[in-house]
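A.B. asks: Enclosed is the structure file protein_21.txt (compact mmCIF, C-alpha atoms and all ligand atoms).
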```txt
# COMPACT_ATOMS: atom_id res chain seq x y z
CA MET A 18 65.88 -51.76 48.36
CA VAL A 19 66.70 -49.53 45.40
CA TYR A 20 64.01 -51.31 43.33
CA LYS A 21 61.31 -50.68 45.95
CA LYS A 22 62.20 -46.97 46.22
CA ARG A 23 61.89 -46.54 42.47
CA ASN A 24 58.49 -48.24 42.56
CA ILE A 25 57.17 -45.88 45.20
CA ARG A 26 58.40 -42.89 43.20
CA LYS A 27 56.57 -44.22 40.12
CA GLU A 28 53.35 -44.66 42.08
CA ARG A 29 53.59 -41.11 43.36
CA VAL A 30 54.08 -39.76 39.83
CA PHE A 31 50.98 -41.63 38.61
CA ALA A 32 48.94 -40.40 41.55
CA LEU A 33 50.05 -36.85 40.87
CA ILE A 34 49.13 -37.15 37.18
CA GLY A 35 45.79 -38.58 38.23
CA ILE A 36 45.10 -35.69 40.56
CA ILE A 37 46.08 -33.13 37.91
CA LEU A 38 43.77 -34.83 35.39
CA VAL A 39 40.87 -34.75 37.83
CA ILE A 40 41.49 -31.06 38.53
CA ILE A 41 41.62 -30.29 34.80
CA LEU A 42 38.39 -32.23 34.28
CA ILE A 43 36.68 -30.32 37.08
CA ILE A 44 37.84 -26.98 35.62
CA VAL A 45 36.69 -27.94 32.13
CA GLY A 46 33.39 -29.10 33.60
CA ILE A 47 32.82 -25.86 35.47
CA CYS A 48 33.72 -23.80 32.41
CA THR A 49 31.39 -25.79 30.17
CA TYR A 50 28.60 -25.51 32.72
CA LYS A 51 29.20 -21.79 33.09
CA HIS A 52 29.20 -21.34 29.33
CA PHE A 53 25.94 -23.19 28.72
CA THR A 54 24.16 -21.46 31.54
CA SER A 55 25.53 -18.00 30.71
CA THR A 56 23.29 -15.16 29.59
CA GLU A 57 25.42 -14.72 26.47
CA TYR A 58 24.90 -18.34 25.50
CA LYS A 59 21.17 -18.19 26.12
CA LEU A 60 20.80 -15.01 24.09
CA GLY A 61 22.83 -16.52 21.27
CA LYS A 62 20.66 -19.62 21.35
CA ILE A 63 17.52 -17.43 21.08
CA GLY A 64 19.03 -15.86 17.98
CA TYR A 65 20.66 -12.60 19.03
CA SER A 66 23.85 -11.61 17.23
CA GLU A 67 27.09 -10.88 19.06
CA LYS A 68 26.52 -7.14 18.62
CA GLU A 69 22.97 -7.38 19.93
CA ILE A 70 24.13 -9.45 22.90
CA THR A 71 26.70 -6.79 23.83
CA THR A 72 23.93 -4.18 23.74
CA LEU A 73 21.51 -6.34 25.71
CA LEU A 74 24.07 -7.06 28.43
CA LYS A 75 24.48 -3.32 28.93
CA ALA A 76 20.71 -2.65 28.84
CA GLU A 77 18.49 -2.35 31.91
CA ASP A 78 17.27 -5.62 33.46
CA LYS A 79 13.77 -5.22 32.08
CA VAL A 80 15.05 -5.21 28.50
CA LEU A 81 17.38 -8.14 29.09
CA ASN A 82 14.64 -10.19 30.74
CA LYS A 83 12.26 -9.41 27.91
CA ALA A 84 14.86 -10.78 25.50
CA LEU A 85 15.52 -13.89 27.61
CA ASP A 86 11.84 -14.71 28.14
CA ASN A 87 10.72 -14.39 24.55
CA GLU A 88 11.50 -15.47 21.02
CA TYR A 89 14.05 -13.48 19.01
CA ASP A 90 12.77 -9.94 18.42
CA LYS A 91 14.76 -7.67 16.16
CA HIS A 92 12.64 -4.67 17.18
CA LEU A 93 13.34 -5.01 20.91
CA ILE A 94 16.65 -3.12 21.00
CA PRO A 95 15.76 -0.24 18.64
CA LEU A 96 12.40 0.19 20.36
CA THR A 97 13.63 0.25 23.94
CA LYS A 98 16.41 2.65 22.95
CA GLN A 99 13.88 5.38 22.05
CA LYS A 100 13.91 8.27 24.50
CA TYR A 101 10.16 8.25 25.06
CA PHE A 102 9.68 4.47 25.07
CA ILE A 103 7.00 3.44 27.60
CA TRP A 104 6.87 -0.18 28.79
CA LYS A 105 3.10 -0.38 29.13
CA ASN A 106 2.84 0.40 25.40
CA PHE A 107 5.20 -2.39 24.33
CA ASP A 108 2.58 -4.63 22.72
CA LYS A 109 1.00 -1.66 20.99
CA TYR A 110 4.34 -0.63 19.52
CA LYS A 111 4.77 -4.16 18.21
CA LYS A 112 1.30 -4.12 16.69
CA GLU A 113 1.97 -0.78 15.04
CA ILE A 114 5.29 -2.03 13.67
CA ASN A 115 3.62 -5.07 12.17
CA LYS A 116 0.95 -2.88 10.62
CA ARG A 117 3.60 -0.62 9.07
CA LEU A 118 5.65 -3.59 7.85
CA GLU A 119 2.77 -4.52 5.58
CA LYS A 120 3.42 -1.31 3.64
CA SER A 121 7.15 -0.76 4.01
CA ASN A 122 10.11 -2.63 5.45
CA LYS A 123 11.68 0.53 6.87
CA ILE A 124 10.55 1.28 10.37
CA ASN A 125 10.91 4.69 11.99
CA TYR A 126 10.97 3.61 15.63
CA LYS A 127 10.89 7.16 16.96
CA ASP A 128 7.70 7.81 15.05
CA VAL A 129 6.16 4.52 16.20
CA VAL A 130 6.83 5.41 19.85
CA THR A 131 5.56 8.98 19.43
CA LYS A 132 2.35 8.00 17.67
CA VAL A 133 1.47 5.11 19.95
CA ASN A 134 2.18 7.20 23.05
CA VAL A 135 -0.42 9.74 21.93
CA LYS A 136 -2.80 7.00 20.71
CA ARG A 137 -2.33 8.13 17.12
CA ASN A 138 -2.10 4.49 16.09
CA TYR A 139 -5.89 4.74 16.30
CA ASN A 140 -8.17 6.98 14.28
CA TYR A 141 -9.43 10.18 15.88
CA TYR A 142 -12.37 9.73 18.24
CA THR A 143 -11.87 5.97 18.39
CA HIS A 144 -10.52 4.32 21.55
CA THR A 145 -11.49 7.41 23.49
CA GLU A 146 -11.41 7.59 27.26
CA LYS A 147 -12.38 10.04 29.95
CA THR A 148 -9.45 12.20 30.93
CA ASN A 149 -8.10 12.08 34.48
CA MET A 150 -9.67 15.12 36.14
CA ASP A 151 -7.38 14.74 39.18
CA LYS A 152 -4.70 16.41 37.07
CA GLU A 153 -6.62 19.70 37.49
CA ASN A 154 -4.90 22.42 35.42
CA ALA A 155 -2.80 19.73 33.74
CA ILE A 156 -5.73 17.72 32.32
CA LEU A 157 -5.27 16.46 28.80
CA VAL A 158 -8.13 17.07 26.39
CA ASN A 159 -7.81 16.03 22.76
CA LYS A 160 -9.45 13.74 20.20
CA TYR A 161 -8.82 10.69 22.43
CA TYR A 162 -9.28 12.12 25.92
CA SER A 163 -12.62 13.69 26.75
CA LEU A 164 -13.99 15.68 29.62
CA PRO A 165 -16.69 14.12 31.79
CA GLU A 166 -20.08 14.18 30.05
CA LYS A 167 -21.47 17.68 29.58
CA TYR A 168 -18.64 19.00 31.71
CA LYS A 169 -18.92 22.39 33.35
CA PRO A 170 -15.78 23.71 35.06
CA GLU A 171 -15.86 25.46 38.41
CA ASN A 172 -14.41 28.91 39.06
CA ILE A 173 -15.34 30.39 35.70
CA VAL A 174 -15.03 34.17 35.80
CA ASP A 175 -15.86 37.03 33.45
CA VAL A 176 -12.92 38.57 31.65
CA SER A 177 -12.80 42.36 31.66
CA ASN A 178 -13.11 44.07 28.29
CA TRP A 179 -9.75 45.63 29.05
CA TYR A 180 -8.21 42.28 28.10
CA SER A 181 -10.69 40.90 25.61
CA TYR A 182 -13.08 41.37 22.74
CA GLY A 183 -16.63 40.37 23.53
CA ASN A 184 -18.09 38.62 26.53
CA ILE A 185 -15.38 36.19 27.41
CA GLN A 186 -14.99 33.90 30.38
CA LEU A 187 -12.05 31.89 31.65
CA LYS A 188 -11.16 29.72 34.59
CA LYS A 189 -9.92 31.98 37.40
CA ASP A 190 -6.33 30.61 37.47
CA ALA A 191 -5.94 31.13 33.74
CA TYR A 192 -7.41 34.63 33.92
CA GLU A 193 -5.14 35.75 36.77
CA ALA A 194 -2.13 34.44 34.87
CA PHE A 195 -3.25 36.13 31.67
CA LYS A 196 -3.52 39.48 33.42
CA LYS A 197 0.10 39.20 34.54
CA MET A 198 1.13 38.22 31.03
CA PHE A 199 -0.86 41.09 29.54
CA ASN A 200 0.87 43.63 31.78
CA ALA A 201 4.32 42.21 31.07
CA ALA A 202 3.64 42.36 27.33
CA LYS A 203 2.38 45.97 27.68
CA LYS A 204 5.73 46.93 29.21
CA ASP A 205 7.34 45.69 26.01
CA ASP A 206 4.81 47.70 23.94
CA ILE A 207 2.91 44.58 22.94
CA THR A 208 -0.85 44.27 23.21
CA ILE A 209 -2.39 40.84 23.50
CA ILE A 210 -6.16 40.47 23.46
CA ILE A 211 -8.30 37.46 24.26
CA ASN A 212 -10.58 36.66 21.38
CA SER A 213 -12.09 33.43 22.71
CA GLY A 214 -12.02 31.62 26.02
CA TYR A 215 -14.37 29.27 27.80
CA ARG A 216 -16.98 27.62 25.59
CA THR A 217 -19.85 25.71 27.12
CA TYR A 218 -20.77 22.19 26.14
CA GLU A 219 -23.93 23.56 24.51
CA ILE A 220 -22.11 26.10 22.36
CA GLN A 221 -19.48 23.56 21.30
CA LYS A 222 -22.23 21.08 20.42
CA GLU A 223 -24.15 23.66 18.45
CA THR A 224 -21.06 24.68 16.48
CA TYR A 225 -19.98 21.13 15.77
CA ASP A 226 -23.48 19.96 14.82
CA GLN A 227 -23.91 22.90 12.50
CA TYR A 228 -20.72 22.06 10.61
CA LYS A 229 -21.79 18.45 10.48
CA THR A 230 -25.10 19.42 8.88
CA TRP A 231 -23.50 21.84 6.44
CA TYR A 232 -20.69 19.53 5.42
CA ASP A 233 -20.12 16.02 6.79
CA GLU A 234 -18.63 14.45 9.89
CA GLU A 235 -15.12 14.23 8.51
CA TYR A 236 -15.05 17.88 7.51
CA ALA A 237 -16.68 18.98 10.76
CA ASP A 238 -14.04 17.05 12.75
CA GLY A 239 -11.34 18.88 10.84
CA ILE A 240 -12.52 22.34 11.84
CA ALA A 241 -14.25 21.97 15.21
CA ALA A 242 -13.81 19.78 18.24
CA ARG A 243 -16.66 17.55 19.32
CA PRO A 244 -18.41 18.63 22.52
CA ASP A 245 -16.57 17.37 25.64
CA PHE A 246 -13.41 17.02 23.52
CA SER A 247 -12.66 20.74 23.24
CA GLU A 248 -9.93 22.43 25.26
CA HIS A 249 -12.06 25.58 25.26
CA GLN A 250 -14.62 23.72 27.36
CA THR A 251 -12.05 23.43 30.18
CA GLY A 252 -11.87 27.20 30.65
CA LEU A 253 -8.08 26.82 30.46
CA ALA A 254 -7.67 27.58 26.75
CA LEU A 255 -7.76 30.92 25.03
CA ASP A 256 -7.31 32.40 21.58
CA ILE A 257 -5.14 35.50 21.41
CA ILE A 258 -5.08 38.27 18.84
CA THR A 259 -3.54 41.69 18.64
CA TYR A 260 -4.66 44.91 16.94
CA ASN A 261 -5.62 44.54 13.30
CA THR A 262 -4.84 40.86 13.01
CA LYS A 263 -6.88 37.75 13.03
CA GLY A 264 -6.31 34.03 12.79
CA LYS A 265 -3.40 33.05 10.55
CA ASP A 266 -1.92 36.58 10.38
CA PHE A 267 -1.19 36.43 14.08
CA GLU A 268 1.86 34.29 13.38
CA ASN A 269 3.62 37.25 11.75
CA THR A 270 3.08 39.74 14.56
CA ASP A 271 5.44 40.95 17.27
CA ALA A 272 2.81 39.80 19.75
CA PHE A 273 3.24 36.22 18.56
CA LYS A 274 7.03 36.51 18.79
CA TRP A 275 6.69 37.88 22.31
CA LEU A 276 4.46 34.97 23.31
CA GLN A 277 6.93 32.48 21.83
CA ASN A 278 9.58 33.81 24.21
CA ASN A 279 7.44 34.57 27.25
CA ALA A 280 4.12 32.70 27.42
CA HIS A 281 5.56 29.81 29.45
CA LYS A 282 6.78 32.23 32.14
CA TYR A 283 3.12 32.97 32.88
CA GLY A 284 1.95 29.37 32.58
CA PHE A 285 0.83 29.21 28.95
CA ILE A 286 1.92 27.02 26.05
CA LEU A 287 1.26 27.13 22.34
CA ARG A 288 -0.95 24.09 22.15
CA TYR A 289 -1.02 23.25 18.43
CA PRO A 290 2.46 23.91 17.01
CA LYS A 291 3.54 23.88 13.40
CA GLY A 292 4.60 20.51 12.03
CA LYS A 293 2.93 18.59 14.86
CA GLU A 294 -0.52 18.35 13.29
CA ASP A 295 -0.49 14.57 13.18
CA ILE A 296 0.27 14.43 16.90
CA THR A 297 -2.09 17.08 18.26
CA GLY A 298 -4.86 16.35 15.76
CA TYR A 299 -5.17 20.05 14.97
CA SER A 300 -3.86 22.38 12.29
CA TYR A 301 -1.19 24.80 13.41
CA GLU A 302 -2.86 27.52 15.49
CA SER A 303 -0.52 30.37 16.41
CA TRP A 304 -3.34 31.96 18.44
CA HIS A 305 -4.45 29.08 20.66
CA TYR A 306 -2.82 28.94 24.11
CA ARG A 307 -3.39 26.60 26.98
CA TYR A 308 -2.89 27.38 30.65
CA LEU A 309 -0.90 24.75 32.56
CA GLY A 310 0.69 26.75 35.35
CA LYS A 311 4.15 28.27 35.31
CA GLU A 312 6.18 25.24 36.34
CA LEU A 313 4.58 22.74 34.00
CA ALA A 314 4.37 25.15 31.06
CA THR A 315 8.11 25.80 31.39
CA LYS A 316 8.88 22.08 31.50
CA VAL A 317 6.72 21.41 28.44
CA LYS A 318 8.32 24.31 26.56
CA ASN A 319 11.84 23.10 27.42
CA SER A 320 11.03 19.53 26.40
CA GLY A 321 10.17 20.61 22.87
CA LEU A 322 7.27 18.17 22.97
CA THR A 323 3.61 18.76 22.27
CA TYR A 324 1.47 18.59 25.38
CA ASP A 325 0.00 15.30 24.16
CA GLU A 326 3.48 13.73 24.08
CA TYR A 327 4.60 15.33 27.31
CA TYR A 328 1.50 14.13 29.12
CA ALA A 329 1.88 10.55 27.88
CA TYR A 330 5.50 10.29 28.93
CA TYR A 331 5.81 12.40 32.05
CA LEU A 332 2.35 12.53 33.59
CA ASP A 333 0.66 9.30 32.61
CA LYS A 334 3.46 6.77 32.18
CA GLU A 335 2.42 4.25 34.81
ZN ZN A 401 -8.70 27.97 20.34
```
How does this structure look as structure tokens?
C.D. replies:
Amino acid sequence: MVYKKRNIRKERVFALIGIILVIILIIVGICTYKHFTSTEYKLGKIGYSEKEITTLLKAEDKVLNKALDNEYDKHLIPLTKQKYFIWKNFDKYKKEINKRLEKSNKINYKDVVTKVNVKRNYNYYTHTEKTNMDKENAILVNKYYSLPEKYKPENIVDVSNWYSYGNIQLKKDAYEAFKKMFNAAKKDDITIIINSGYRTYEIQKETYDQYKTWYDEEYADGIAARPDFSEHQTGLALDIITYNTKGKDFENTDAFKWLQNNAHKYGFILRYPKGKEDITGYSYESWHYRYLGKELATKVKNSGLTYDEYYAYYLDKE
């Protein structure tokens, strides 16, 4: 009787041990399965370091999926971290990085993103396209984005000699805004005068062709825009002077300082700022202003970006 009881107890102990072992095995199995199917494991297997994995796990899904679906890419994280990174440009960024790596092994990702966004990874007047005219006053015109062929804007009006030197025309919106700006400046004892406004296709062509004949194409491109690639042909751009100054001297006038602080309030931006020559494609021009409308001009001014950069990121991203 006693013997039988002990036997039953033994059997129960074995059964219990067996059950515990099975449970442990199941847990180990689940853990192993979880580990090998985990994102961390997959990323590690692709080649990402622990630090990179931590970053990727915190990144947006698009970045993480890009990492999971492709071979190891050490440029992925620094590129996607750039403020003005645009997904549709991803392959172009990579191409530009590879091009730069042939010359140097230090990559300035911010510069790569900036330049590719404004198409500056290509030479001027190559890879050009027609600009999107639906943007109206916000159209982008530069050495990559042209106006429609032999473009003639609507609503071009004559500017009164009260505001300008010579026979100048502007698009109506820009003119109305300029008048307001002129009067506001006058109240601060500042006189701003329009020196150049709308230029026709024909005039732009004549000017450009003349330079090309006198010098060569490269030199001509440096000093004049090609026809259909000039902002002046939109009727939305104007050159401003004040009494007794011209061109480069304008930068040192009170009128220029006033415009720096106030132009955006009337819808104008300084289109070719200092230090941004390799983005805009133009030398610094303290006198050249572009009408965008109050709201957009203020946004562009506050962003600290050139219009080329602003347009790429905020108006043309998708
Ligand atoms: Zn100009």
A.B. asks: Skipping near chain neighbours, those fewer than 2 positions away, what residues fall within 12 Å of Ala84 in chain A using only C-alpha atoms, listed as a PyMOL selection string?
C.D. replies: chain A and resi 56-57+59-65+69-70+72-74+76-82+86-94+97
A.B. asks: Print the selection's residues with C-alpha atoms to a file, as a PDB file, keeping the file's coordinate frame.
C.D. replies:
```pdb
ATOM      1  CA  THR A  56      23.290 -15.160  29.590  1.00  0.00           C
ATOM      2  CA  GLU A  57      25.420 -14.720  26.470  1.00  0.00           C
ATOM      3  CA  LYS A  59      21.170 -18.190  26.120  1.00  0.00           C
ATOM      4  CA  LEU A  60      20.800 -15.010  24.090  1.00  0.00           C
ATOM      5  CA  GLY A  61      22.830 -16.520  21.270  1.00  0.00           C
ATOM      6  CA  LYS A  62      20.660 -19.620  21.350  1.00  0.00           C
ATOM      7  CA  ILE A  63      17.520 -17.430  21.080  1.00  0.00           C
ATOM      8  CA  GLY A  64      19.030 -15.860  17.980  1.00  0.00           C
ATOM      9  CA  TYR A  65      20.660 -12.600  19.030  1.00  0.00           C
ATOM     10  CA  GLU A  69      22.970  -7.380  19.930  1.00  0.00           C
ATOM     11  CA  ILE A  70      24.130  -9.450  22.900  1.00  0.00           C
ATOM     12  CA  THR A  72      23.930  -4.180  23.740  1.00  0.00           C
ATOM     13  CA  LEU A  73      21.510  -6.340  25.710  1.00  0.00           C
ATOM     14  CA  LEU A  74      24.070  -7.060  28.430  1.00  0.00           C
ATOM     15  CA  ALA A  76      20.710  -2.650  28.840  1.00  0.00           C
ATOM     16  CA  GLU A  77      18.490  -2.350  31.910  1.00  0.00           C
ATOM     17  CA  ASP A  78      17.270  -5.620  33.460  1.00  0.00           C
ATOM     18  CA  LYS A  79      13.770  -5.220  32.080  1.00  0.00           C
ATOM     19  CA  VAL A  80      15.050  -5.210  28.500  1.00  0.00           C
ATOM     20  CA  LEU A  81      17.380  -8.140  29.090  1.00  0.00           C
ATOM     21  CA  ASN A  82      14.640 -10.190  30.740  1.00  0.00           C
ATOM     22  CA  ASP A  86      11.840 -14.710  28.140  1.00  0.00           C
ATOM     23  CA  ASN A  87      10.720 -14.390  24.550  1.00  0.00           C
ATOM     24  CA  GLU A  88      11.500 -15.470  21.020  1.00  0.00           C
ATOM     25  CA  TYR A  89      14.050 -13.480  19.010  1.00  0.00           C
ATOM     26  CA  ASP A  90      12.770  -9.940  18.420  1.00  0.00           C
ATOM     27  CA  LYS A  91      14.760  -7.670  16.160  1.00  0.00           C
ATOM     28  CA  HIS A  92      12.640  -4.670  17.180  1.00  0.00           C
ATOM     29  CA  LEU A  93      13.340  -5.010  20.910  1.00  0.00           C
ATOM     30  CA  ILE A  94      16.650  -3.120  21.000  1.00  0.00           C
ATOM     31  CA  THR A  97      13.630   0.250  23.940  1.00  0.00           C
TER      32      THR A  97
END
```
A.B. asks: Can you tell me how far CA of Lys132 in chain A sits from CA of Gly252 in chain A, in Å to one decimal?
C.D. replies: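 Taking CA of Lys132 in chain A and CA of Gly252 in chain A, their separation equals 27.2 Å.
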A.B. asks: Pick the closest to ligand ZN 401 (chain A) from A:Ile211, A:Tyr126, A:Thr230, A:Tyr324: which is it, counting all atoms listed in the file?
C.D. replies: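 With all atoms listed in the file as the atom set, the closest residue is A:Ile211.
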A.B. asks: Quick one: contact table of chain A to ligand ZN 401 (chain A), 12 Å max, nearest atom pair and distance in Å to one decimal per residue, counting all atoms listed in the file, chain and number order, as JSON lines?
C.D. replies:
```
{"residue": "A:Ile211", "atom": "CA", "partner": "A:ZN401", "partner_atom": "ZN", "distance": 10.3}
{"residue": "A:Asn212", "atom": "CA", "partner": "A:ZN401", "partner_atom": "ZN", "distance": 9.0}
{"residue": "A:Ser213", "atom": "CA", "partner": "A:ZN401", "partner_atom": "ZN", "distance": 6.8}
{"residue": "A:Gly214", "atom": "CA", "partner": "A:ZN401", "partner_atom": "ZN", "distance": 7.5}
{"residue": "A:Tyr215", "atom": "CA", "partner": "A:ZN401", "partner_atom": "ZN", "distance": 9.5}
{"residue": "A:Arg216", "atom": "CA", "partner": "A:ZN401", "partner_atom": "ZN", "distance": 9.8}
{"residue": "A:Gln221", "atom": "CA", "partner": "A:ZN401", "partner_atom": "ZN", "distance": 11.7}
{"residue": "A:Ile240", "atom": "CA", "partner": "A:ZN401", "partner_atom": "ZN", "distance": 10.9}
{"residue": "A:Ala241", "atom": "CA", "partner": "A:ZN401", "partner_atom": "ZN", "distance": 9.6}
{"residue": "A:Ala242", "atom": "CA", "partner": "A:ZN401", "partner_atom": "ZN", "distance": 9.9}
{"residue": "A:Ser247", "atom": "CA", "partner": "A:ZN401", "partner_atom": "ZN", "distance": 8.7}
{"residue": "A:Glu248", "atom": "CA", "partner": "A:ZN401", "partner_atom": "ZN", "distance": 7.5}
{"residue": "A:His249", "atom": "CA", "partner": "A:ZN401", "partner_atom": "ZN", "distance": 6.4}
{"residue": "A:Gln250", "atom": "CA", "partner": "A:ZN401", "partner_atom": "ZN", "distance": 10.1}
{"residue": "A:Thr251", "atom": "CA", "partner": "A:ZN401", "partner_atom": "ZN", "distance": 11.3}
{"residue": "A:Gly252", "atom": "CA", "partner": "A:ZN401", "partner_atom": "ZN", "distance": 10.8}
{"residue": "A:Leu253", "atom": "CA", "partner": "A:ZN401", "partner_atom": "ZN", "distance": 10.2}
{"residue": "A:Ala254", "atom": "CA", "partner": "A:ZN401", "partner_atom": "ZN", "distance": 6.5}
{"residue": "A:Leu255", "atom": "CA", "partner": "A:ZN401", "partner_atom": "ZN", "distance": 5.6}
{"residue": "A:Asp256", "atom": "CA", "partner": "A:ZN401", "partner_atom": "ZN", "distance": 4.8}
{"residue": "A:Ile257", "atom": "CA", "partner": "A:ZN401", "partner_atom": "ZN", "distance": 8.4}
{"residue": "A:Ile258", "atom": "CA", "partner": "A:ZN401", "partner_atom": "ZN", "distance": 11.0}
{"residue": "A:Gly264", "atom": "CA", "partner": "A:ZN401", "partner_atom": "ZN", "distance": 10.0}
{"residue": "A:Leu287", "atom": "CA", "partner": "A:ZN401", "partner_atom": "ZN", "distance": 10.2}
{"residue": "A:Arg288", "atom": "CA", "partner": "A:ZN401", "partner_atom": "ZN", "distance": 8.9}
{"residue": "A:Tyr289", "atom": "CA", "partner": "A:ZN401", "partner_atom": "ZN", "distance": 9.2}
{"residue": "A:Tyr299", "atom": "CA", "partner": "A:ZN401", "partner_atom": "ZN", "distance": 10.2}
{"residue": "A:Ser300", "atom": "CA", "partner": "A:ZN401", "partner_atom": "ZN", "distance": 10.9}
{"residue": "A:Tyr301", "atom": "CA", "partner": "A:ZN401", "partner_atom": "ZN", "distance": 10.7}
{"residue": "A:Glu302", "atom": "CA", "partner": "A:ZN401", "partner_atom": "ZN", "distance": 7.6}
{"residue": "A:Ser303", "atom": "CA", "partner": "A:ZN401", "partner_atom": "ZN", "distance": 9.4}
{"residue": "A:Trp304", "atom": "CA", "partner": "A:ZN401", "partner_atom": "ZN", "distance": 6.9}
{"residue": "A:His305", "atom": "CA", "partner": "A:ZN401", "partner_atom": "ZN", "distance": 4.4}
{"residue": "A:Tyr306", "atom": "CA", "partner": "A:ZN401", "partner_atom": "ZN", "distance": 7.1}
{"residue": "A:Arg307", "atom": "CA", "partner": "A:ZN401", "partner_atom": "ZN", "distance": 8.6}
{"residue": "A:Tyr308", "atom": "CA", "partner": "A:ZN401", "partner_atom": "ZN", "distance": 11.8}
```
A.B. asks: With C-alpha atoms retained, export the selected residues as an mmCIF file, keeping the file's coordinate frame.
C.D. replies:
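The file below, part-v1.cif, is the result:
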```
data_model
loop_
_atom_site.group_PDB
_atom_site.id
_atom_site.type_symbol
_atom_site.label_atom_id
_atom_site.label_comp_id
_atom_site.auth_asym_id
_atom_site.auth_seq_id
_atom_site.Cartn_x
_atom_site.Cartn_y
_atom_site.Cartn_z
ATOM 1 C CA ILE A 211 -8.300 37.460 24.260
ATOM 2 C CA ASN A 212 -10.580 36.660 21.380
ATOM 3 C CA SER A 213 -12.090 33.430 22.710
ATOM 4 C CA GLY A 214 -12.020 31.620 26.020
ATOM 5 C CA TYR A 215 -14.370 29.270 27.800
ATOM 6 C CA ARG A 216 -16.980 27.620 25.590
ATOM 7 C CA GLN A 221 -19.480 23.560 21.300
ATOM 8 C CA ILE A 240 -12.520 22.340 11.840
ATOM 9 C CA ALA A 241 -14.250 21.970 15.210
ATOM 10 C CA ALA A 242 -13.810 19.780 18.240
ATOM 11 C CA SER A 247 -12.660 20.740 23.240
ATOM 12 C CA GLU A 248 -9.930 22.430 25.260
ATOM 13 C CA HIS A 249 -12.060 25.580 25.260
ATOM 14 C CA GLN A 250 -14.620 23.720 27.360
ATOM 15 C CA THR A 251 -12.050 23.430 30.180
ATOM 16 C CA GLY A 252 -11.870 27.200 30.650
ATOM 17 C CA LEU A 253 -8.080 26.820 30.460
ATOM 18 C CA ALA A 254 -7.670 27.580 26.750
ATOM 19 C CA LEU A 255 -7.760 30.920 25.030
ATOM 20 C CA ASP A 256 -7.310 32.400 21.580
ATOM 21 C CA ILE A 257 -5.140 35.500 21.410
ATOM 22 C CA ILE A 258 -5.080 38.270 18.840
ATOM 23 C CA GLY A 264 -6.310 34.030 12.790
ATOM 24 C CA LEU A 287 1.260 27.130 22.340
ATOM 25 C CA ARG A 288 -0.950 24.090 22.150
ATOM 26 C CA TYR A 289 -1.020 23.250 18.430
ATOM 27 C CA TYR A 299 -5.170 20.050 14.970
ATOM 28 C CA SER A 300 -3.860 22.380 12.290
ATOM 29 C CA TYR A 301 -1.190 24.800 13.410
ATOM 30 C CA GLU A 302 -2.860 27.520 15.490
ATOM 31 C CA SER A 303 -0.520 30.370 16.410
ATOM 32 C CA TRP A 304 -3.340 31.960 18.440
ATOM 33 C CA HIS A 305 -4.450 29.080 20.660
ATOM 34 C CA TYR A 306 -2.820 28.940 24.110
ATOM 35 C CA ARG A 307 -3.390 26.600 26.980
ATOM 36 C CA TYR A 308 -2.890 27.380 30.650
#
```
A.B. asks: Given the choices A:Ala280, A:Val317, A:Lys291, A:Thr148, which gets closest to Lys265 in chain A if the distance is worked out from all atoms listed in the file?
C.D. replies: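 Smallest distance to Lys265 in chain A is found for A:Lys291.
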A.B. asks: Ranking A:Ser66, A:Thr71, A:Asn154, A:Thr131 by minimum distance to Thr323 in chain A and counting all atoms listed in the file, which one comes first?
C.D. replies: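 That would be A:Thr131, the residue with the smallest distance to Thr323 in chain A.
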A.B. asks: Just checking: using all atoms listed in the file, which residue out of A:Asn178, A:Asn278, A:Asn122, A:Asn261 ends up closest to Ala202 in chain A?
C.D. replies: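 Selected residue with least distance to Ala202 in chain A: A:Asn278.
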A.B. asks: Measuring atom to atom with all atoms listed in the file, identify which of A:Gln99, A:Thr297, A:Ser320, A:Asn279 is nearest to Arg137 in chain A.
C.D. replies: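 Closest to Arg137 in chain A of all the choices is A:Thr297.
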A.B. asks: Go through A:Tyr58, A:Lys147, A:Tyr283, A:Pro244 and flag the residue nearest Lys196 in chain A, using all atoms listed in the file for the distances.
C.D. replies: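 Between A:Tyr58, A:Lys147, A:Tyr283, A:Pro244, the residue approaching Lys196 in chain A most closely is A:Tyr283.
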A.B. asks: So how far away is CA of Lys112 in chain A from CA of Glu294 in chain A, in Å?
C.D. replies: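 Rounded to one decimal, the two atoms are 22.8 Å apart.
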A.B. asks: Rounded to one decimal, what separation in Å do you get between CA of Leu313 in chain A and CA of Asp295 in chain A?
C.D. replies: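 Atom-to-atom, CA of Leu313 in chain A and CA of Asp295 in chain A are spaced 22.9 Å apart.
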A.B. asks: Find the residues around Ile296 in chain A up to 12 Å (only C-alpha atoms counted), leave out those fewer than 6 positions away in its own chain, and share them as a list of chain:residue names.
C.D. replies: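 The residues that qualify are A:Asp128, A:Val129, A:Val130, A:Thr131, A:Lys132, A:Val133, A:Asn134, A:Val135, A:Lys136, A:Arg137, A:Asn138, A:Tyr139, A:Asn140, A:Tyr141, A:Asn159, A:Lys160, A:Tyr161, A:Arg288, A:Tyr289, A:Pro290, A:Leu322, A:Thr323, A:Tyr324, A:Asp325, A:Glu326, A:Tyr327, A:Ala329.
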